[in-house]
Number of protein chains: 4
Amino acid sequence: MAGNILGEMFRVVSFGESHGRCIGVVIDGCPAGLELSEEDIQKELNLRRPGTSRITTSRMEEDKVEILSGVFNGYTTGAPICMIILNKDVRSEDYESIKYTPRPSHADYFAHVKYGGYNDYRGGGRFSGRITAGFVMAGAVAKKLLKKILEVEVTAYTLEIGGEKAENFTLDEAKRHRYENDVRAPTPEAAVKMKEKIQQAMLRGDSIGGIVECTVTGLPVGLGEPVFDALDSDLAKAMLSIPAVKGIEFGAGFKAARMFGSEHNDPFIVKDGRIDLEKNDAGGIVGGISTGAPLLFRVVFKPPSSIALKQKTIDLRTREETEIIVSGRHDPCIVPRAVPVVEAMTAIVLTDHAIRYGIIPPVIRNL
Amino acid sequence: MAGNILGEMFRVVSFGESHGRCIGVVIDGCPAGLELSEEDIQKELNLRRPGTSRITTSRMEEDKVEILSGVFNGYTTGAPICMIILNKDVRSEDYESIKYTPRPSHADYFAHVKYGGYNDYRGGGRFSGRITAGFVMAGAVAKKLLKKILEVEVTAYTLEIGGEKAENFTLDEAKRHRYENDVRAPTPEAAVKMKEKIQQAMLRGDSIGGIVECTVTGLPVGLGEPVFDALDSDLAKAMLSIPAVKGIEFGAGFKAARMFGSEHNDPFIVKDGRIDLEKNDAGGIVGGISTGAPLLFRVVFKPPSSIALKQKTIDLRTREETEIIVSGRHDPCIVPRAVPVVEAMTAIVLTDHAIRYGIIPPVIRNL
Amino acid sequence: MAGNILGEMFRVVSFGESHGRCIGVVIDGCPAGLELSEEDIQKELNLRRPGTSRITTSRMEEDKVEILSGVFNGYTTGAPICMIILNKDVRSEDYESIKYTPRPSHADYFAHVKYGGYNDYRGGGRFSGRITAGFVMAGAVAKKLLKKILEVEVTAYTLEIGGEKAENFTLDEAKRHRYENDVRAPTPEAAVKMKEKIQQAMLRGDSIGGIVECTVTGLPVGLGEPVFDALDSDLAKAMLSIPAVKGIEFGAGFKAARMFGSEHNDPFIVKDGRIDLEKNDAGGIVGGISTGAPLLFRVVFKPPSSIALKQKTIDLRTREETEIIVSGRHDPCIVPRAVPVVEAMTAIVLTDHAIRYGIIPPVIRNL
Amino acid sequence: MAGNILGEMFRVVSFGESHGRCIGVVIDGCPAGLELSEEDIQKELNLRRPGTSRITTSRMEEDKVEILSGVFNGYTTGAPICMIILNKDVRSEDYESIKYTPRPSHADYFAHVKYGGYNDYRGGGRFSGRITAGFVMAGAVAKKLLKKILEVEVTAYTLEIGGEKAENFTLDEAKRHRYENDVRAPTPEAAVKMKEKIQQAMLRGDSIGGIVECTVTGLPVGLGEPVFDALDSDLAKAMLSIPAVKGIEFGAGFKAARMFGSEHNDPFIVKDGRIDLEKNDAGGIVGGISTGAPLLFRVVFKPPSSIALKQKTIDLRTREETEIIVSGRHDPCIVPRAVPVVEAMTAIVLTDHAIRYGIIPPVIRNL
């Protein structure tokens with residue numbers, strides 16, 4: 001039991017359900033003195049909001065954040081920050097059918113067994129992607145802290161959807177383009193092809209998977225507390241907590257299985273009088289510690305489980321096989337909306353580690 | 001700071017250095033009443049011990065476990081279990097050279113910065129693969145608990161080395177063959193090819209990476225505490241804590257990026273009167289909860305950083321570029337020795353979750 | 001930083017401020033299947049609500065609980081339970097004066113220094129006794145669990161106020177009388193004398209301290225996880241977290257300093273065929289473990305710091321000495337309203353330990 | 001389960017048993033760069049060692065510390081520090097009798113039930129006062145850190161034994177005298193009377209309780225993380241974790257129950273141009289935060305349970321009443337030997353909070 005708190009010094013508590021009264025989050029451990037408004041949070045929330053294009057679910061949610069505590073006169077106080085968004089466009093009747101005929105590869109059945117049938121199954125309840133709105137709210141605070149105190153910037157984008165992969169782009173290009181297109185691709189060319197892939201899947205009543213890549217610039221050497229709270233360990237934990245993520249790899253990642261040490265090793269060089277790395281196959285982490293090079297990792301999202309095609313399932317009442325067509329409004333590909341979620345979780349982990357490493361202080365002194 | 005404790009109810013504390021007095025571990029939270037002897041631990045330790053074949057480091061360590069606490073009259077008492085192995089075959093002079101010329105892609109330099117130069121750099125200190133002996137000691141206890149109480153079995157093997165991949169084998173074959181060959185491959189054919197790959201790398205003074213696959217059978221539905229302490233989240237954290245691991249994927253893993261939902265989804269079926277899954281692309285975890293299907297994941301190990309080839313590095317005294325040839329005794333491929341480490345970390349996480357889920361009790365009643 | 005989460009498996013997260021939007025709490029780790037309504041919570045909240053008699057603050061708060069998550073169809077779901085009460089009768093202007101002239105023995109100044117001046121000082125902010133409403137909400141859930149699963153009952157009452165001490169009463173009498181009188185005394189006679197003491201203090205514009213005693217019946221042998229998470233250790237931590245508590249003692253408590261071992265030791269006897277203790281000077285805990293005898297401890301509350309008498313303080317602007325008369329609506333004695341808070345914190349700690357000890361399961365099976 | 005780890009950022013892990021192979025401790029989170037030798041630890045250990053006077057147990061233990069990890073070239077490395085003392089003067093046969101006839105008010109029986117009979121009962125096992133040697137080892141490191149980085153000094157002494165109370169002494173006198181006498185009293189006069197009390201109890205074959213007072217100077221304003229990790233909350237938890245402690249009070253403590261607010265409140269004054277407090281009835285903590293005034297608290301120790309007088313107990317085999325005379329070598333009063341233990345636990349909690357508050361850095365820069 002009790003798995004809804006992440007972090008040691010910057011602690012994020014997740015609560016709320018897809019079709020309950022709200023989605024919420026508490027941050028325990030945010031330094032005092034950070035200028036913070038609901039607009040700061042809203043801006044980030046809007047980036048994951050559904051209903052903004054033809055390739056996302058048509059569920060329309062305003063997702064308007066309310067800060068309930070921890071902010072006074074426009075600054076964080078050092079007290080826990082509770083933030084919620086109320087659920088409004090809820091059509092729970094869409095989900096009554098799944099009560100007894102669990103959707104394949106959704107958590108319905110497994111949660112039913114685990115929680116003895118008491119779980120709120122409407123819209124997937126706690127297992128809905130909607131709970132990541134809470135991650136984004138907490139991440140918005142973390143991103144602001146990282147930016148202000150350390151000039152650290154977290155940038156995620158869609159690297160691949162359904163086999164269509166973005167290639168030959170710089171981080172600057174990615175930053176410029178990713179929010180210009182519906183799929184959050186780093187180049188306009190990739191965006192077109194990825195969108196096509198999604199539309200093809202939609203047309204079939206199917207869904208499609210993809211990969212998000214995340215880069216973080218500005219990290220100093222030394223974040224991460226090996227051996228168990230290594231930076232990559234905690235990032236991996238955080239990423240796998242995002243619904244639909246099935247894997248993570250850092251730097252060269254799985255390709256390292258086919259590399260020689262002489263290829264994979266990143267030689268030290270001196271650049272502009274400073275110690276640097278010639279390349280970054282490590283993805284910015286060695287021995288669980290940030291290397292000063294950009295953090296670089298990729299997470300894979302499975303295709304959404306909710307599809308409009310007929311699927312085999314079982315009827316929990318009769319315990320016999322039956323079929324299901326999942327109705328309701330679902331994303332054919334979760335990757336575009338997951339981009340800000342990956343950024344949020346990354347920022348949360350980095351903030352926690354920056355506090356542990358003593359480089360974000362308990363009080364921010366503004367002049 | 002303070003990152004050397006893993007788990008919530010079955011807590012593993014790692015200590016010790018490669019060339020210090022010992023490698024050790026404390027388990028806080030092991031149930032009372034588990035029959036446990038040093039032989040139980042030694043058996044597992046022997047599987048990762050170096051010096052047992054031509055393709056591992058020639059450092060000869062007896063790695064003889066001593067249980068210092070927590071066991072009385074042959075049974076665990078419920079008190080913390082401390083176990084150590086003394087370091088014996090230590091040649092620290094091998095490492096004096098790295099003090100000022102850090103080895104590329106090893107933690108030497110980054111640890112030097114993080115710990116202000118106070119870290120024990122000999123043999124990599126806390127960043128040596130040798131600390132995983134502590135993981136294996138704790139894992140041996142966890143494996144015994146899982147086996148006895150839940151009939152859960154953890155099986156890892158080498159799936160791929162340097163592009164040579166084992167194929168077409170059953171779990172039973174993997175169990176039968178993996179400890180018959182030096183590389184821990186699941187088939188004799190793959191073993192031959194993988195060994196060749198390692199020998200080629202060795203001959204060049206180079207190293208090579210690979211992939212370990214891990215399967216767990218016997219898990220009930222319901223392990224894992226979403227959203228942050230999801231089973232895959234905690235497994236990912238534990239795996240990335242193993243030195244040299246650069247990624248993890250569950251079930252179909254990164255392939256899911258190119259799959260449709262209709263392909264990836266695992267349909268429910270009824271088999272022998274019980275609810276089951278037709279296939280297992282989820283890798284035994286959905287929504288962060290075990291599905292009752294075998295747990296299945298892969299972790300990628302980068303090629304060992306220590307190679308006998310000349311590499312670029314910097315001299316910390318002059319802050320100028322220089323070259324280094326890493327001497328000392330090193331594994332050309334860490335994957336074979338990592339197999340029992342992956343099993344150990346898996347067992348630790350599963351035991352922690354089984355206790356949290358209430359299916360391993362605080363006291364084991366033996367008749 | 002980050003000190004607002006209590007417990008390991010039944011985790012209570014406190015948030016909210018005295019004059020902010022709300023007081024709230026999240027419980028992470030409540031078992032699924034507990035029947036729970038807002039009425040269950042409200043009943044307990046009403047017992048600490050101010051404004052119910054002439055001897056409490058005249059601040060009138062409805063303190064109406066809203067359950068925001070974690071309950072579905074009248075039962076807990078296993079998901080985090082967030083509960084809030086909105087602040088309504090807020091007169092923040094009362095507090096503007098304290099911004100620069102901190103109230104002696106209130107947290108104003110110390111919080112000002114700690115949080116760099118960013119803390120919400122209105123009504124004491126996070127340091128107000130009002131935040132204990134959150135403790136009571138969480139405690140109501142804990143009490144219900146303890147009662148239902150273990151038949152454990154937590155009973156606190158006012159033992160002493162201003163030197164007037166209740167004497168010669170049984171637990172049954174205490175249960176019967178404590179909510180019949182304004183001061184929560186276990187006997188009507190004591191109630192009269194205690195009330196007089198409070199009224200005397202009020203008349204002077206002063207405040208007065210007292211002692212709450214807490215008894216818990218029905219606990220089995222074995223709760224508590226020594227050495228650091230001993231049952232008394234965790235109860236002590238929880239009690240000292242209640243504003244104004246300055247000490248705790250178990251069983252014979254501080255009197256033990258003047259006792260011989262032959263007096264203090266509780267002999268084992270056989271009673272009705274069961275192993276029992278002849279007396280209970282240990283207060284139900286030995287070696288950090290519950291003994292099966294009633295848990296018995298006392299906590300002392302200092303007199304409220306806010307008094308209407310003139311006091312020395314300093315002016316933070318001039319850093320010179322000045323005087324202050326604290327206006328606003330304050331309790332002359334916090335003890336009566338603290339009684340349900342002590343019960344709540346006790347129940348929270350016991351529930352956490354009962355889950356850790358495996359005697360409250362993750363799912364409550366109702367028929 | 002799993003209760004042997006204390007602290008969030010400076011984590012102390014306790015292991016070992018009275019008659020097992022060793023008593024030990026791991027510190028996870030000690031900053032790198034602290035000069036540390038076995039002598040530093042030994043010095044503190046010697047202060048609690050038994051066998052040094054006629055009024056302590058005649059068990060002779062050398063209690064020689066061995067540092068197993070975390071220290072290199074005379075400085076801490078930032079890695080976990082494991083320290084042990086081997087048990088030598090072990091006479092386990094003394095304890096075979098208690099296996100079936102539990103000693104009143106000792107943990108024997110309750111541990112037997114909790115751990116299903118698997119606990120190591122020899123010498124009380126984990127419930128022996130001997131495990132506090134581990135606390136002292138960790139505390140020695142904490143004290144050194146506090147002294148070096150913050151000039152914080154922790155001073156405990158025996159305030160009262162069997163009703164004989166030390167009076168009219170200054171902190172300087174206490175520091176000067178406490179280690180000049182066997183009972184660790186702050187004045188020579190009190191020492192004589194306290195020693196008499198102990199000897200009287202000894203002569204009767206009995207034991208006697210007492211009170212330790214602890215003062216900490218040099219703390220800045222702001223340590224403590226309310227609401228649950230308040231400084232007094234965490235100190236209370238740590239103190240109640242010391243075997244035989246039955247209560248704690250801060251500042252005026254239980255006397256506050258009979259005080260008016262106008263008496264108890266500590267007025268702010270200006271002294272030498274700095275904001276100060278006129279008196280210190282709060283004991284250096286208000287609202288869970290250190291006030292800058294000396295920390296001041298008292299803990300009460302019950303008389304040791306092991307006495308040479310005949311006591312009622314039960315026989316676990318027959319479940320009938322019987323009698324027991326506890327043999328073995330025991331302290332007639334634990335208070336004198338507990339003085340360094342109280343200091344150690346205090347230092348551990350303060351160090352943890354100083355790190356959390358950002359005033360002890362991850363690396364100590366020595367020139």
# chains A, B, ... in the order shown; residues from 1 in each chain; ligands from 1

$ closest_atom_pairs --of "chain D" --to "chain B" --cutoff "6 Å" --atoms "only C-alpha atoms" --output "Markdown table"
| residue | atom | partner | partner_atom | distance |
| --- | --- | --- | --- | --- |
| D:Met1 | CA | B:Gly29 | CA | 5.0 |
| D:Ala2 | CA | B:Gly29 | CA | 3.8 |
| D:Met9 | CA | B:Ala2 | CA | 5.6 |
| D:Phe15 | CA | B:Pro80 | CA | 5.4 |
| D:Gly16 | CA | B:Ser69 | CA | 5.1 |
| D:Arg21 | CA | B:Leu68 | CA | 5.8 |
| D:Asp28 | CA | B:Ala2 | CA | 4.9 |
| D:Gly29 | CA | B:Ala2 | CA | 3.8 |
| D:Ala32 | CA | B:Tyr115 | CA | 5.8 |
| D:Gly33 | CA | B:Tyr118 | CA | 5.9 |
| D:Leu68 | CA | B:Arg21 | CA | 5.8 |
| D:Ser69 | CA | B:Gly16 | CA | 5.1 |
| D:Phe72 | CA | B:Asp120 | CA | 5.9 |
| D:Thr77 | CA | B:Asn119 | CA | 4.5 |
| D:Pro80 | CA | B:Phe15 | CA | 5.4 |
| D:Tyr115 | CA | B:Ala32 | CA | 5.8 |
| D:Tyr118 | CA | B:Thr77 | CA | 4.9 |
| D:Asn119 | CA | B:Thr77 | CA | 4.5 |
| D:Asp120 | CA | B:Phe72 | CA | 5.9 |

$ write_last_selection --atoms "N, CA, C and O atoms" --output "PDB file, in the first residue's frame"
ATOM      1  N   MET D   1       7.135  -4.144  10.235  1.00  0.00           N
ATOM      2  CA  MET D   1       8.537  -4.554  10.132  1.00  0.00           C
ATOM      3  C   MET D   1       9.409  -3.355   9.769  1.00  0.00           C
ATOM      4  O   MET D   1       8.922  -2.277   9.518  1.00  0.00           O
ATOM      5  N   ALA D   2      10.734  -3.618   9.772  1.00  0.00           N
ATOM      6  CA  ALA D   2      11.672  -2.634   9.229  1.00  0.00           C
ATOM      7  C   ALA D   2      11.684  -1.324   9.995  1.00  0.00           C
ATOM      8  O   ALA D   2      11.339  -0.283   9.459  1.00  0.00           O
ATOM      9  N   MET D   9      18.097  12.443   5.965  1.00  0.00           N
ATOM     10  CA  MET D   9      19.276  12.752   5.156  1.00  0.00           C
ATOM     11  C   MET D   9      20.559  12.257   5.829  1.00  0.00           C
ATOM     12  O   MET D   9      21.536  11.985   5.156  1.00  0.00           O
ATOM     13  N   PHE D  15      22.142  -2.333  13.820  1.00  0.00           N
ATOM     14  CA  PHE D  15      22.071  -3.797  13.740  1.00  0.00           C
ATOM     15  C   PHE D  15      22.906  -4.410  14.853  1.00  0.00           C
ATOM     16  O   PHE D  15      23.681  -3.731  15.514  1.00  0.00           O
ATOM     17  N   GLY D  16      22.766  -5.716  15.043  1.00  0.00           N
ATOM     18  CA  GLY D  16      23.557  -6.413  16.049  1.00  0.00           C
ATOM     19  C   GLY D  16      22.752  -6.765  17.285  1.00  0.00           C
ATOM     20  O   GLY D  16      21.709  -6.156  17.553  1.00  0.00           O
ATOM     21  N   ARG D  21      27.373 -11.726  17.238  1.00  0.00           N
ATOM     22  CA  ARG D  21      28.777 -11.484  16.920  1.00  0.00           C
ATOM     23  C   ARG D  21      29.213 -10.058  17.164  1.00  0.00           C
ATOM     24  O   ARG D  21      30.378  -9.803  17.434  1.00  0.00           O
ATOM     25  N   ASP D  28      24.266   6.450   6.623  1.00  0.00           N
ATOM     26  CA  ASP D  28      24.125   6.782   5.207  1.00  0.00           C
ATOM     27  C   ASP D  28      23.809   8.273   5.118  1.00  0.00           C
ATOM     28  O   ASP D  28      22.781   8.724   5.631  1.00  0.00           O
ATOM     29  N   GLY D  29      24.716   9.017   4.513  1.00  0.00           N
ATOM     30  CA  GLY D  29      24.448  10.450   4.378  1.00  0.00           C
ATOM     31  C   GLY D  29      25.424  11.338   5.125  1.00  0.00           C
ATOM     32  O   GLY D  29      25.177  12.535   5.256  1.00  0.00           O
ATOM     33  N   ALA D  32      31.083  14.188   2.949  1.00  0.00           N
ATOM     34  CA  ALA D  32      32.482  13.869   2.683  1.00  0.00           C
ATOM     35  C   ALA D  32      33.369  14.950   3.281  1.00  0.00           C
ATOM     36  O   ALA D  32      32.954  16.105   3.417  1.00  0.00           O
ATOM     37  N   GLY D  33      34.571  14.557   3.653  1.00  0.00           N
ATOM     38  CA  GLY D  33      35.549  15.550   4.085  1.00  0.00           C
ATOM     39  C   GLY D  33      35.627  15.784   5.575  1.00  0.00           C
ATOM     40  O   GLY D  33      36.329  16.695   6.021  1.00  0.00           O
ATOM     41  N   LEU D  68      34.435  -0.073   9.181  1.00  0.00           N
ATOM     42  CA  LEU D  68      34.526  -1.021   8.056  1.00  0.00           C
ATOM     43  C   LEU D  68      34.429  -0.355   6.696  1.00  0.00           C
ATOM     44  O   LEU D  68      34.788  -0.952   5.692  1.00  0.00           O
ATOM     45  N   SER D  69      33.914   0.863   6.652  1.00  0.00           N
ATOM     46  CA  SER D  69      33.728   1.498   5.332  1.00  0.00           C
ATOM     47  C   SER D  69      33.507   2.989   5.491  1.00  0.00           C
ATOM     48  O   SER D  69      33.253   3.469   6.598  1.00  0.00           O
ATOM     49  N   PHE D  72      38.461   7.087   4.310  1.00  0.00           N
ATOM     50  CA  PHE D  72      39.625   6.831   3.450  1.00  0.00           C
ATOM     51  C   PHE D  72      40.650   7.924   3.702  1.00  0.00           C
ATOM     52  O   PHE D  72      40.292   9.108   3.695  1.00  0.00           O
ATOM     53  N   THR D  77      34.230   9.784   3.185  1.00  0.00           N
ATOM     54  CA  THR D  77      34.250   9.852   1.721  1.00  0.00           C
ATOM     55  C   THR D  77      32.912  10.245   1.119  1.00  0.00           C
ATOM     56  O   THR D  77      32.804  10.435  -0.090  1.00  0.00           O
ATOM     57  N   PRO D  80      28.593   5.284   2.685  1.00  0.00           N
ATOM     58  CA  PRO D  80      28.080   4.826   3.986  1.00  0.00           C
ATOM     59  C   PRO D  80      29.220   4.386   4.907  1.00  0.00           C
ATOM     60  O   PRO D  80      30.156   3.715   4.483  1.00  0.00           O
ATOM     61  N   TYR D 115       7.881 -12.050  17.415  1.00  0.00           N
ATOM     62  CA  TYR D 115       8.749 -12.681  16.419  1.00  0.00           C
ATOM     63  C   TYR D 115       8.559 -14.195  16.354  1.00  0.00           C
ATOM     64  O   TYR D 115       9.400 -14.915  15.817  1.00  0.00           O
ATOM     65  N   TYR D 118      11.336 -16.691  17.323  1.00  0.00           N
ATOM     66  CA  TYR D 118      12.614 -16.743  16.592  1.00  0.00           C
ATOM     67  C   TYR D 118      13.617 -15.688  17.059  1.00  0.00           C
ATOM     68  O   TYR D 118      14.758 -15.696  16.618  1.00  0.00           O
ATOM     69  N   ASN D 119      13.182 -14.794  17.912  1.00  0.00           N
ATOM     70  CA  ASN D 119      14.097 -13.732  18.355  1.00  0.00           C
ATOM     71  C   ASN D 119      15.273 -14.300  19.153  1.00  0.00           C
ATOM     72  O   ASN D 119      15.155 -15.318  19.823  1.00  0.00           O
ATOM     73  N   ASP D 120      16.381 -13.614  19.059  1.00  0.00           N
ATOM     74  CA  ASP D 120      17.575 -13.979  19.831  1.00  0.00           C
ATOM     75  C   ASP D 120      17.380 -13.420  21.240  1.00  0.00           C
ATOM     76  O   ASP D 120      17.518 -12.228  21.460  1.00  0.00           O
TER      77      ASP D 120
END

$ select_by_dssp --residues "segment 187-335 of chain B" --states "strand (DSSP E or B)" --output "PyMOL selection string"
chain B and resi 208+210-217+221+225+229+245-250+260+268-271+274-277+285-286+289-291+295-301+310-315+320-325

$ select_by_dssp --residues "segment 84-151 of chain C" --states "alpha helix (DSSP H)" --output "list of chain:residue names"
C:Asp108, C:Tyr109, C:Phe110, C:Ala111, C:His112, C:Val113, C:Lys114, C:Thr132, C:Ala133, C:Gly134, C:Phe135, C:Val136, C:Met137, C:Ala138, C:Gly139, C:Ala140, C:Val141, C:Ala142, C:Lys143, C:Lys144, C:Leu145

$ write_last_selection --atoms "N, CA, C and O atoms" --output "mmCIF file, in the first residue's frame"
data_model
loop_
_atom_site.group_PDB
_atom_site.id
_atom_site.type_symbol
_atom_site.label_atom_id
_atom_site.label_comp_id
_atom_site.auth_asym_id
_atom_site.auth_seq_id
_atom_site.Cartn_x
_atom_site.Cartn_y
_atom_site.Cartn_z
ATOM 1 N N ASP C 108 5.719 32.963 15.315
ATOM 2 C CA ASP C 108 5.812 34.075 14.363
ATOM 3 C C ASP C 108 7.248 34.419 13.959
ATOM 4 O O ASP C 108 7.601 34.416 12.780
ATOM 5 N N TYR C 109 8.050 34.760 14.954
ATOM 6 C CA TYR C 109 9.401 35.243 14.663
ATOM 7 C C TYR C 109 10.288 34.138 14.101
ATOM 8 O O TYR C 109 11.036 34.340 13.144
ATOM 9 N N PHE C 110 10.190 32.971 14.709
ATOM 10 C CA PHE C 110 11.081 31.884 14.314
ATOM 11 C C PHE C 110 10.753 31.411 12.890
ATOM 12 O O PHE C 110 11.637 31.086 12.104
ATOM 13 N N ALA C 111 9.467 31.406 12.574
ATOM 14 C CA ALA C 111 9.052 31.057 11.211
ATOM 15 C C ALA C 111 9.504 32.154 10.233
ATOM 16 O O ALA C 111 9.930 31.861 9.111
ATOM 17 N N HIS C 112 9.415 33.376 10.681
ATOM 18 C CA HIS C 112 9.853 34.499 9.849
ATOM 19 C C HIS C 112 11.325 34.331 9.456
ATOM 20 O O HIS C 112 11.705 34.503 8.295
ATOM 21 N N VAL C 113 12.137 33.965 10.416
ATOM 22 C CA VAL C 113 13.563 33.770 10.137
ATOM 23 C C VAL C 113 13.756 32.538 9.248
ATOM 24 O O VAL C 113 14.446 32.582 8.223
ATOM 25 N N LYS C 114 13.133 31.444 9.634
ATOM 26 C CA LYS C 114 13.327 30.184 8.904
ATOM 27 C C LYS C 114 12.907 30.299 7.439
ATOM 28 O O LYS C 114 13.594 29.788 6.553
ATOM 29 N N THR C 132 -4.659 21.241 13.124
ATOM 30 C CA THR C 132 -4.976 19.935 13.702
ATOM 31 C C THR C 132 -6.335 19.425 13.240
ATOM 32 O O THR C 132 -6.652 18.256 13.439
ATOM 33 N N ALA C 133 -7.121 20.285 12.613
ATOM 34 C CA ALA C 133 -8.361 19.793 12.002
ATOM 35 C C ALA C 133 -8.026 18.728 10.962
ATOM 36 O O ALA C 133 -8.746 17.735 10.806
ATOM 37 N N GLY C 134 -6.914 18.916 10.273
ATOM 38 C CA GLY C 134 -6.466 17.896 9.312
ATOM 39 C C GLY C 134 -6.096 16.599 10.004
ATOM 40 O O GLY C 134 -6.367 15.508 9.497
ATOM 41 N N PHE C 135 -5.461 16.720 11.159
ATOM 42 C CA PHE C 135 -5.108 15.506 11.916
ATOM 43 C C PHE C 135 -6.383 14.750 12.293
ATOM 44 O O PHE C 135 -6.435 13.516 12.230
ATOM 45 N N VAL C 136 -7.405 15.524 12.697
ATOM 46 C CA VAL C 136 -8.647 14.885 13.134
ATOM 47 C C VAL C 136 -9.338 14.176 11.969
ATOM 48 O O VAL C 136 -9.875 13.082 12.128
ATOM 49 N N MET C 137 -9.280 14.790 10.790
ATOM 50 C CA MET C 137 -9.895 14.142 9.621
ATOM 51 C C MET C 137 -9.216 12.809 9.331
ATOM 52 O O MET C 137 -9.879 11.782 9.135
ATOM 53 N N ALA C 138 -7.895 12.815 9.323
ATOM 54 C CA ALA C 138 -7.180 11.559 9.066
ATOM 55 C C ALA C 138 -7.403 10.569 10.207
ATOM 56 O O ALA C 138 -7.573 9.365 9.995
ATOM 57 N N GLY C 139 -7.426 11.110 11.416
ATOM 58 C CA GLY C 139 -7.619 10.257 12.580
ATOM 59 C C GLY C 139 -8.984 9.582 12.577
ATOM 60 O O GLY C 139 -9.123 8.444 13.058
ATOM 61 N N ALA C 140 -9.972 10.264 12.038
ATOM 62 C CA ALA C 140 -11.313 9.672 11.986
ATOM 63 C C ALA C 140 -11.302 8.401 11.146
ATOM 64 O O ALA C 140 -11.952 7.404 11.478
ATOM 65 N N VAL C 141 -10.553 8.435 10.054
ATOM 66 C CA VAL C 141 -10.428 7.240 9.208
ATOM 67 C C VAL C 141 -9.678 6.148 9.972
ATOM 68 O O VAL C 141 -10.085 4.979 9.994
ATOM 69 N N ALA C 142 -8.594 6.547 10.627
ATOM 70 C CA ALA C 142 -7.796 5.581 11.381
ATOM 71 C C ALA C 142 -8.619 4.940 12.496
ATOM 72 O O ALA C 142 -8.575 3.725 12.709
ATOM 73 N N LYS C 143 -9.368 5.762 13.217
ATOM 74 C CA LYS C 143 -10.179 5.232 14.312
ATOM 75 C C LYS C 143 -11.209 4.226 13.799
ATOM 76 O O LYS C 143 -11.450 3.199 14.438
ATOM 77 N N LYS C 144 -11.770 4.535 12.648
ATOM 78 C CA LYS C 144 -12.779 3.628 12.103
ATOM 79 C C LYS C 144 -12.156 2.286 11.721
ATOM 80 O O LYS C 144 -12.724 1.215 11.978
ATOM 81 N N LEU C 145 -10.986 2.357 11.134
ATOM 82 C CA LEU C 145 -10.262 1.128 10.769
ATOM 83 C C LEU C 145 -9.932 0.292 12.005
ATOM 84 O O LEU C 145 -10.155 -0.918 12.043
#

$ residues_around --residues "Leu223 of chain C" --least-positions-apart "5" --cutoff "8 Å" --atoms "only C-alpha atoms" --output "short mmCIF file (atom, residue, chain, number, x, y, z; two decimals) with N, CA, C and O atoms, in the first residue's frame"
data_model
loop_
_atom_site.label_atom_id
_atom_site.label_comp_id
_atom_site.auth_asym_id
_atom_site.auth_seq_id
_atom_site.Cartn_x
_atom_site.Cartn_y
_atom_site.Cartn_z
N LEU C 231 6.92 1.59 19.20
CA LEU C 231 5.57 2.17 19.28
C LEU C 231 5.59 3.46 20.09
O LEU C 231 4.95 4.45 19.70
N ILE C 289 7.32 -2.34 22.13
CA ILE C 289 6.28 -3.22 21.59
C ILE C 289 5.06 -3.17 22.51
O ILE C 289 5.21 -3.14 23.73
N SER C 290 3.89 -3.20 21.93
CA SER C 290 2.68 -3.23 22.75
C SER C 290 2.62 -4.54 23.53
O SER C 290 2.99 -5.59 23.02
N LEU C 350 -1.20 4.14 15.44
CA LEU C 350 -1.55 2.73 15.65
C LEU C 350 -1.95 2.04 14.34
O LEU C 350 -1.60 0.89 14.10
N HIS C 353 1.12 1.28 12.36
CA HIS C 353 1.83 0.12 12.90
C HIS C 353 1.04 -1.17 12.71
O HIS C 353 1.64 -2.23 12.51
N ALA C 354 -0.25 -1.09 12.77
CA ALA C 354 -1.05 -2.30 12.56
C ALA C 354 -0.89 -2.80 11.12
O ALA C 354 -0.82 -4.01 10.87
N TYR C 357 2.52 -4.33 10.84
CA TYR C 357 2.57 -5.61 11.54
C TYR C 357 1.68 -6.66 10.85
O TYR C 357 1.59 -7.81 11.28
N LYS D 114 5.90 -11.49 19.35
CA LYS D 114 5.98 -10.72 18.10
C LYS D 114 6.76 -11.46 17.03
O LYS D 114 6.38 -11.47 15.86
#
